[in-house]
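S.K.: Here you go, structure_31.csv (CSV, C-alpha atoms):
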chain,number,residue,atom,x,y,z
J,65,MET,CA,3.9,-18.5,9.1
J,66,LYS,CA,1.4,-19.2,6.3
J,67,LEU,CA,0.1,-16.0,4.8
J,68,SER,CA,-2.7,-15.4,2.2
J,69,LEU,CA,-4.4,-12.5,0.5
J,70,ARG,CA,-8.1,-12.1,0.1
J,71,PRO,CA,-10.3,-9.2,-0.9
J,72,TYR,CA,-10.8,-6.5,1.7
J,73,ARG,CA,-13.9,-6.7,3.9
J,74,PRO,CA,-15.4,-3.7,5.7
J,75,SER,CA,-15.0,-5.5,9.0
J,76,ASP,CA,-11.2,-5.4,8.4
J,77,ALA,CA,-11.2,-1.6,8.9
J,78,VAL,CA,-11.5,-1.9,12.7
J,79,VAL,CA,-8.2,-3.8,12.9
J,80,ILE,CA,-6.3,-1.9,10.2
J,81,THR,CA,-7.1,1.6,11.5
J,82,SER,CA,-5.9,0.5,15.0
J,83,TRP,CA,-2.4,0.2,13.6
J,84,LEU,CA,-2.2,3.9,12.8
J,85,LYS,CA,-0.8,5.0,16.2
J,86,SER,CA,0.2,8.6,15.2
J,87,GLU,CA,-0.7,11.2,12.6
J,88,TYR,CA,2.9,11.0,11.3
J,89,LEU,CA,2.6,7.3,10.7
J,90,MET,CA,-0.9,7.8,9.2
J,91,ARG,CA,0.4,10.4,6.7
J,92,GLN,CA,3.3,8.1,5.7
J,93,TRP,CA,0.7,5.5,5.0
J,94,CYS,CA,-1.8,7.6,3.1
J,95,ALA,CA,-0.4,11.1,2.5
J,96,ASP,CA,-3.4,13.4,2.2
J,97,ARG,CA,-6.0,10.8,1.2
J,98,TYR,CA,-7.7,11.0,4.6
J,99,GLU,CA,-8.6,14.5,5.9
J,100,ARG,CA,-8.1,13.9,9.6
J,101,TYR,CA,-6.5,11.8,12.2
J,102,PRO,CA,-7.4,9.4,13.6
J,103,VAL,CA,-8.8,7.5,10.7
J,104,THR,CA,-11.9,5.7,11.8
J,105,PRO,CA,-13.2,2.4,10.4
J,106,GLU,CA,-16.1,4.4,9.0
J,107,ASP,CA,-13.6,6.8,7.2
J,108,MET,CA,-11.7,3.8,5.7
J,109,ASN,CA,-14.9,2.1,4.5
J,110,ALA,CA,-16.2,5.4,3.0
J,111,TYR,CA,-12.9,5.7,1.1
J,112,TYR,CA,-13.2,2.1,0.0
J,113,GLU,CA,-16.8,2.6,-1.2
J,114,ARG,CA,-15.8,5.8,-3.1
J,115,TYR,CA,-12.5,4.7,-4.7
J,116,ILE,CA,-12.2,0.9,-4.8
J,117,ASP,CA,-14.2,-0.6,-7.6
J,118,GLY,CA,-12.8,-4.1,-7.8
J,119,GLN,CA,-11.8,-3.6,-11.5
J,120,ARG,CA,-9.5,-0.7,-11.9
J,121,SER,CA,-8.7,-0.7,-8.2
J,122,ARG,CA,-8.5,-3.4,-5.6
J,123,ALA,CA,-8.0,-3.6,-1.8
J,124,LEU,CA,-6.5,-6.7,-0.4
J,125,THR,CA,-6.1,-8.0,3.1
J,126,MET,CA,-3.3,-10.3,4.2
J,127,MET,CA,-4.4,-13.0,6.6
J,128,ASP,CA,-2.0,-14.9,8.9
J,129,ASP,CA,-2.1,-18.7,9.7
J,130,ASN,CA,-4.5,-17.9,12.6
J,131,GLU,CA,-6.9,-16.2,10.1
J,132,GLU,CA,-6.2,-12.9,11.7
J,133,VAL,CA,-5.8,-9.6,9.7
J,134,ALA,CA,-2.0,-9.1,9.3
J,135,GLY,CA,-1.8,-6.5,6.5
J,136,TYR,CA,-3.5,-4.4,3.9
J,137,ILE,CA,-2.6,-3.2,0.4
J,138,THR,CA,-4.2,-1.7,-2.6
J,139,LEU,CA,-3.6,-2.1,-6.3
J,140,ARG,CA,-4.9,0.2,-9.0
J,141,ILE,CA,-4.4,0.9,-12.7
J,142,PRO,CA,-2.8,4.4,-13.0
J,143,ALA,CA,-4.4,6.6,-15.7
J,144,ASP,CA,-4.9,4.5,-18.8
J,145,GLU,CA,-1.8,2.3,-18.6
J,146,LEU,CA,-3.6,-1.1,-18.4
J,147,SER,CA,-0.3,-3.1,-18.2
J,148,GLU,CA,0.7,-1.3,-15.0
J,149,GLN,CA,-0.6,-1.8,-11.5
J,150,ARG,CA,0.2,0.7,-8.7
J,151,ILE,CA,0.6,-0.3,-5.1
J,152,GLY,CA,-0.7,1.9,-2.3
J,153,PHE,CA,-1.8,2.0,1.3
J,154,VAL,CA,0.7,-0.7,2.4
J,155,ILE,CA,0.5,-1.5,6.1
J,156,VAL,CA,1.1,-4.4,8.4
J,157,ASP,CA,0.2,-5.2,12.0
J,158,ASP,CA,2.5,-3.0,14.0
J,159,SER,CA,2.8,-5.6,16.8
J,160,LYS,CA,4.2,-8.0,14.3
J,161,ARG,CA,6.8,-5.8,12.6
J,162,GLY,CA,10.3,-7.2,12.0
J,163,ARG,CA,9.0,-10.6,10.9
J,164,GLY,CA,9.1,-9.9,7.1
J,165,LEU,CA,5.4,-9.4,6.9
J,166,GLY,CA,5.7,-6.2,4.8
J,167,LYS,CA,8.0,-7.9,2.3
J,168,ALA,CA,5.7,-10.8,2.1
J,169,LEU,CA,2.6,-8.6,1.6
J,170,VAL,CA,4.3,-6.6,-1.2
J,171,ARG,CA,5.6,-9.8,-2.9
J,172,MET,CA,2.1,-11.4,-2.8
J,173,ALA,CA,0.5,-8.3,-4.2
J,174,VAL,CA,3.1,-8.1,-7.0
J,175,GLU,CA,2.7,-11.7,-7.9
J,176,TYR,CA,-1.1,-11.2,-7.9
J,177,ALA,CA,-0.6,-8.2,-10.2
J,178,PHE,CA,1.6,-10.2,-12.6
J,179,ASP,CA,-0.1,-13.6,-12.5
J,180,THR,CA,-3.8,-12.7,-12.1
J,181,LEU,CA,-4.1,-9.1,-13.4
J,182,GLY,CA,-1.6,-9.5,-16.3
J,183,ALA,CA,0.6,-6.5,-15.3
J,184,THR,CA,4.0,-6.1,-16.8
J,185,LYS,CA,5.0,-3.4,-14.3
J,186,VAL,CA,4.1,-2.6,-10.7
J,187,SER,CA,4.9,0.8,-9.4
J,188,LEU,CA,4.7,2.7,-6.1
J,189,GLY,CA,5.7,5.9,-4.5
J,190,VAL,CA,7.2,6.1,-1.0
J,191,PHE,CA,8.2,9.1,1.1
J,192,GLU,CA,11.9,9.7,1.5
J,193,ASN,CA,11.3,10.0,5.3
J,194,ASN,CA,10.2,6.3,5.5
J,195,PRO,CA,13.4,4.3,5.3
J,196,SER,CA,11.9,1.1,6.6
J,197,ALA,CA,9.3,1.1,3.8
J,198,ILE,CA,12.0,1.9,1.2
J,199,HIS,CA,14.1,-1.1,2.5
J,200,CYS,CA,11.0,-3.3,2.4
J,201,TYR,CA,10.2,-2.4,-1.2
J,202,GLU,CA,13.8,-2.9,-2.3
J,203,ALA,CA,13.9,-6.3,-0.5
J,204,ALA,CA,10.7,-7.2,-2.4
J,205,GLY,CA,12.4,-6.5,-5.8
J,206,PHE,CA,11.6,-2.8,-6.4
J,207,GLU,CA,14.1,-0.5,-7.9
J,208,ARG,CA,14.2,3.3,-7.7
J,209,VAL,CA,13.3,5.2,-10.8
J,210,ASP,CA,14.6,8.7,-11.5
J,211,LYS,CA,11.9,11.1,-12.4
J,212,PRO,CA,12.6,14.6,-13.7
J,213,GLU,CA,10.2,16.0,-11.1
J,214,LYS,CA,9.6,14.4,-7.7
J,215,GLU,CA,6.1,14.2,-6.4
J,216,CYS,CA,5.6,16.2,-3.2
J,217,TYR,CA,2.9,16.4,-0.6
J,218,GLN,CA,2.3,18.9,2.2
J,219,CYS,CA,2.1,16.8,5.4
J,220,LEU,CA,2.1,18.2,9.0
J,221,GLY,CA,3.5,21.5,7.8
J,222,GLU,CA,6.4,20.0,5.9
J,223,THR,CA,7.0,19.1,2.3
J,224,TRP,CA,7.5,15.4,1.9
J,225,LYS,CA,9.1,14.1,-1.3
J,226,CYS,CA,8.3,10.8,-2.9
J,227,ILE,CA,10.7,8.2,-4.3
J,228,GLU,CA,9.3,6.4,-7.3
J,229,MET,CA,9.9,2.7,-7.5
J,230,GLU,CA,9.1,0.0,-10.0
J,231,CYS,CA,9.2,-3.8,-10.3
J,232,HIS,CA,9.0,-5.5,-13.7
J,233,ASN,CA,7.6,-9.0,-14.4
J,234,LYS,CA,11.0,-10.4,-15.5
J,235,ILE,CA,12.2,-10.3,-11.8
J,236,TYR,CA,9.4,-12.7,-10.9
J,237,GLN,CA,9.7,-15.1,-13.8
Output the file's structure as structure tokens, nothing else.
M.R.:
Amino acid sequence: MKLSLRPYRPSDAVVITSWLKSEYLMRQWCADRYERYPVTPEDMNAYYERYIDGQRSRALTMMDDNEEVAGYITLRIPADELSEQRIGFVIVDDSKRGRGLGKALVRMAVEYAFDTLGATKVSLGVFENNPSAIHCYEAAGFERVDKPEKECYQCLGETWKCIEMECHNKIYQ
């Protein structure tokens, strides 16, 4: 399957939000970034308009060989660390899971961060209760990083802890 990345388009939101089949899955995807479930295309586009500027933050859509939306991911510069890009909002078409699309999406975004954006490190946070995502990120070259304090979110009446992960440019050279 030939996959490619392109900038997110507002019309992509209809497809992407349809993959969020439960509030649990939605919270694993975005933590507390959206106030309510279900996330509508309008909600997604409002978030995009507010937080994605195309310079410090980017939203990318993965297209398959049929030119259909197959995945979505964001990259942003955390704080003032210009050499780092942070991945977020990783999701692939739920009807096509198990085909390596998540790994491909992450790898393409990491290569874009290194080759196009000049990053030397790409980081992400993933909830401990999302083993398939953790496996995907490890398969894409990310390693766990011990932090003195784990980031936590209140989701669905529970405290969800994040695992911090990083990938350095030397892995992709």
S.K.: Using all atoms listed in the file for the distances, tell me which of J:Tyr201, J:Tyr98, J:Phe191, J:Tyr115 is nearest to Tyr217 of chain J.
M.R.: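 Closest to Tyr217 of chain J, using all atoms listed in the file: J:Phe191.
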S.K.: Would you mind telling me which residue in J:Val170, J:Val103, J:Leu146, J:Val186 lies nearest to Met126 of chain J when using only C-alpha atoms?
M.R.: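 Of the candidates, the smallest distance to Met126 of chain J is held by J:Val170.
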S.K.: Name the closest residue to Ile227 of chain J among the candidates J:Gly189, J:Asn130, J:Asn194, J:Glu207; distances are taken between atoms, counting all atoms listed in the file.
M.R.: J:Gly189
S.K.: Kindly indicate which residue among J:Gly152, J:Pro74, J:Pro102, J:Gly135 lies nearest to Glu87 of chain J, using all atoms listed in the file for the distances.
M.R.: J:Pro102
S.K.: Quick one: everything within 12 Å of Arg161 of chain J, counting only C-alpha atoms, minus sequence neighbours fewer than 2 positions away in the same chain. Send it as a list in words.
M.R.: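 Here the qualifying residues turn out to be Trp83, Ala134, Gly135, Ile155, Val156, Asp157, Asp158, Ser159, Arg163, Gly164, Leu165, Gly166, Lys167, Ala168, Ser196, Ala197 and Cys200 of chain J.
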S.K.: Tell me which of J:Gln92, J:Ile80, J:Glu99, J:Glu148 sits closest to Pro195 of chain J, counting all atoms listed in the file.
M.R.: J:Gln92
S.K.: Work out how far apart atom CA of Met229 of chain J and atom CA of Ile116 of chain J are and give it in Å to one decimal.
M.R.: 22.3 Å
S.K.: Interatomic distance between atom CA of Met172 of chain J and atom CA of Arg208 of chain J?
M.R.: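 Pair atom CA of Met172 of chain J / atom CA of Arg208 of chain J returns 19.7 Å.
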S.K.: Please list as a list in words every residue within 8 Å of Leu139 of chain J, counting all atoms listed in the file and excluding residues in the same chain fewer than 4 positions away.
M.R.: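 In the requested form, the answer reads Ser121, Arg122, Ala123, Gln149, Arg150, Ile151, Gly152, Ala173 and Ala177 of chain J.
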S.K.: Convert the current residue selection to file output with C-alpha atoms, as a CSV table (one decimal), keeping the file's coordinate frame.
M.R.:
chain,number,residue,atom,x,y,z
J,121,SER,CA,-8.7,-0.7,-8.2
J,122,ARG,CA,-8.5,-3.4,-5.6
J,123,ALA,CA,-8.0,-3.6,-1.8
J,149,GLN,CA,-0.6,-1.8,-11.5
J,150,ARG,CA,0.2,0.7,-8.7
J,151,ILE,CA,0.6,-0.3,-5.1
J,152,GLY,CA,-0.7,1.9,-2.3
J,173,ALA,CA,0.5,-8.3,-4.2
J,177,ALA,CA,-0.6,-8.2,-10.2
S.K.: What is the atom CA of Tyr176 of chain J to atom CA of Phe153 of chain J distance in Å?
M.R.: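 One can read the atom CA of Tyr176 of chain J to atom CA of Phe153 of chain J distance as 16.1 Å.
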S.K.: Ranking J:Ile137, J:Asp144, J:Leu69, J:Tyr101 by minimum distance to Arg120 of chain J and counting all atoms listed in the file, which one comes first?
M.R.: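 Result for the nearest residue to Arg120 of chain J: J:Asp144.
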S.K.: Can you rebuild segment 199-212 of chain J with N, CA and C atoms and give it as a short mmCIF file (atom, residue, chain, number, x, y, z; two decimals), keeping the file's coordinate frame?
M.R.:
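So out-v1.cif came out as:
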data_model
loop_
_atom_site.label_atom_id
_atom_site.label_comp_id
_atom_site.auth_asym_id
_atom_site.auth_seq_id
_atom_site.Cartn_x
_atom_site.Cartn_y
_atom_site.Cartn_z
N HIS J 199 13.34 0.20 2.39
CA HIS J 199 14.10 -1.10 2.50
C HIS J 199 13.18 -2.26 2.20
N CYS J 200 11.96 -2.23 2.70
CA CYS J 200 11.00 -3.30 2.40
C CYS J 200 10.77 -3.46 0.94
N TYR J 201 10.53 -2.36 0.24
CA TYR J 201 10.20 -2.40 -1.20
C TYR J 201 11.46 -2.89 -1.98
N GLU J 202 12.63 -2.44 -1.59
CA GLU J 202 13.80 -2.90 -2.30
C GLU J 202 14.04 -4.41 -2.04
N ALA J 203 13.78 -4.87 -0.83
CA ALA J 203 13.90 -6.30 -0.50
C ALA J 203 12.89 -7.13 -1.29
N ALA J 204 11.77 -6.51 -1.65
CA ALA J 204 10.70 -7.20 -2.40
C ALA J 204 10.97 -7.13 -3.92
N GLY J 205 12.06 -6.51 -4.35
CA GLY J 205 12.40 -6.50 -5.80
C GLY J 205 12.18 -5.19 -6.50
N PHE J 206 11.80 -4.14 -5.79
CA PHE J 206 11.60 -2.80 -6.40
C PHE J 206 12.90 -2.09 -6.57
N GLU J 207 12.97 -1.30 -7.63
CA GLU J 207 14.10 -0.50 -7.90
C GLU J 207 13.68 0.99 -8.00
N ARG J 208 14.54 1.89 -7.56
CA ARG J 208 14.20 3.30 -7.70
C ARG J 208 14.27 3.75 -9.13
N VAL J 209 13.40 4.68 -9.45
CA VAL J 209 13.30 5.20 -10.80
C VAL J 209 13.50 6.72 -10.71
N ASP J 210 14.44 7.23 -11.51
CA ASP J 210 14.60 8.70 -11.50
C ASP J 210 13.56 9.33 -12.36
N LYS J 211 12.88 10.27 -11.75
CA LYS J 211 11.90 11.10 -12.40
C LYS J 211 12.38 12.50 -12.49
N PRO J 212 12.10 13.20 -13.59
CA PRO J 212 12.60 14.60 -13.70
C PRO J 212 12.05 15.48 -12.58
#
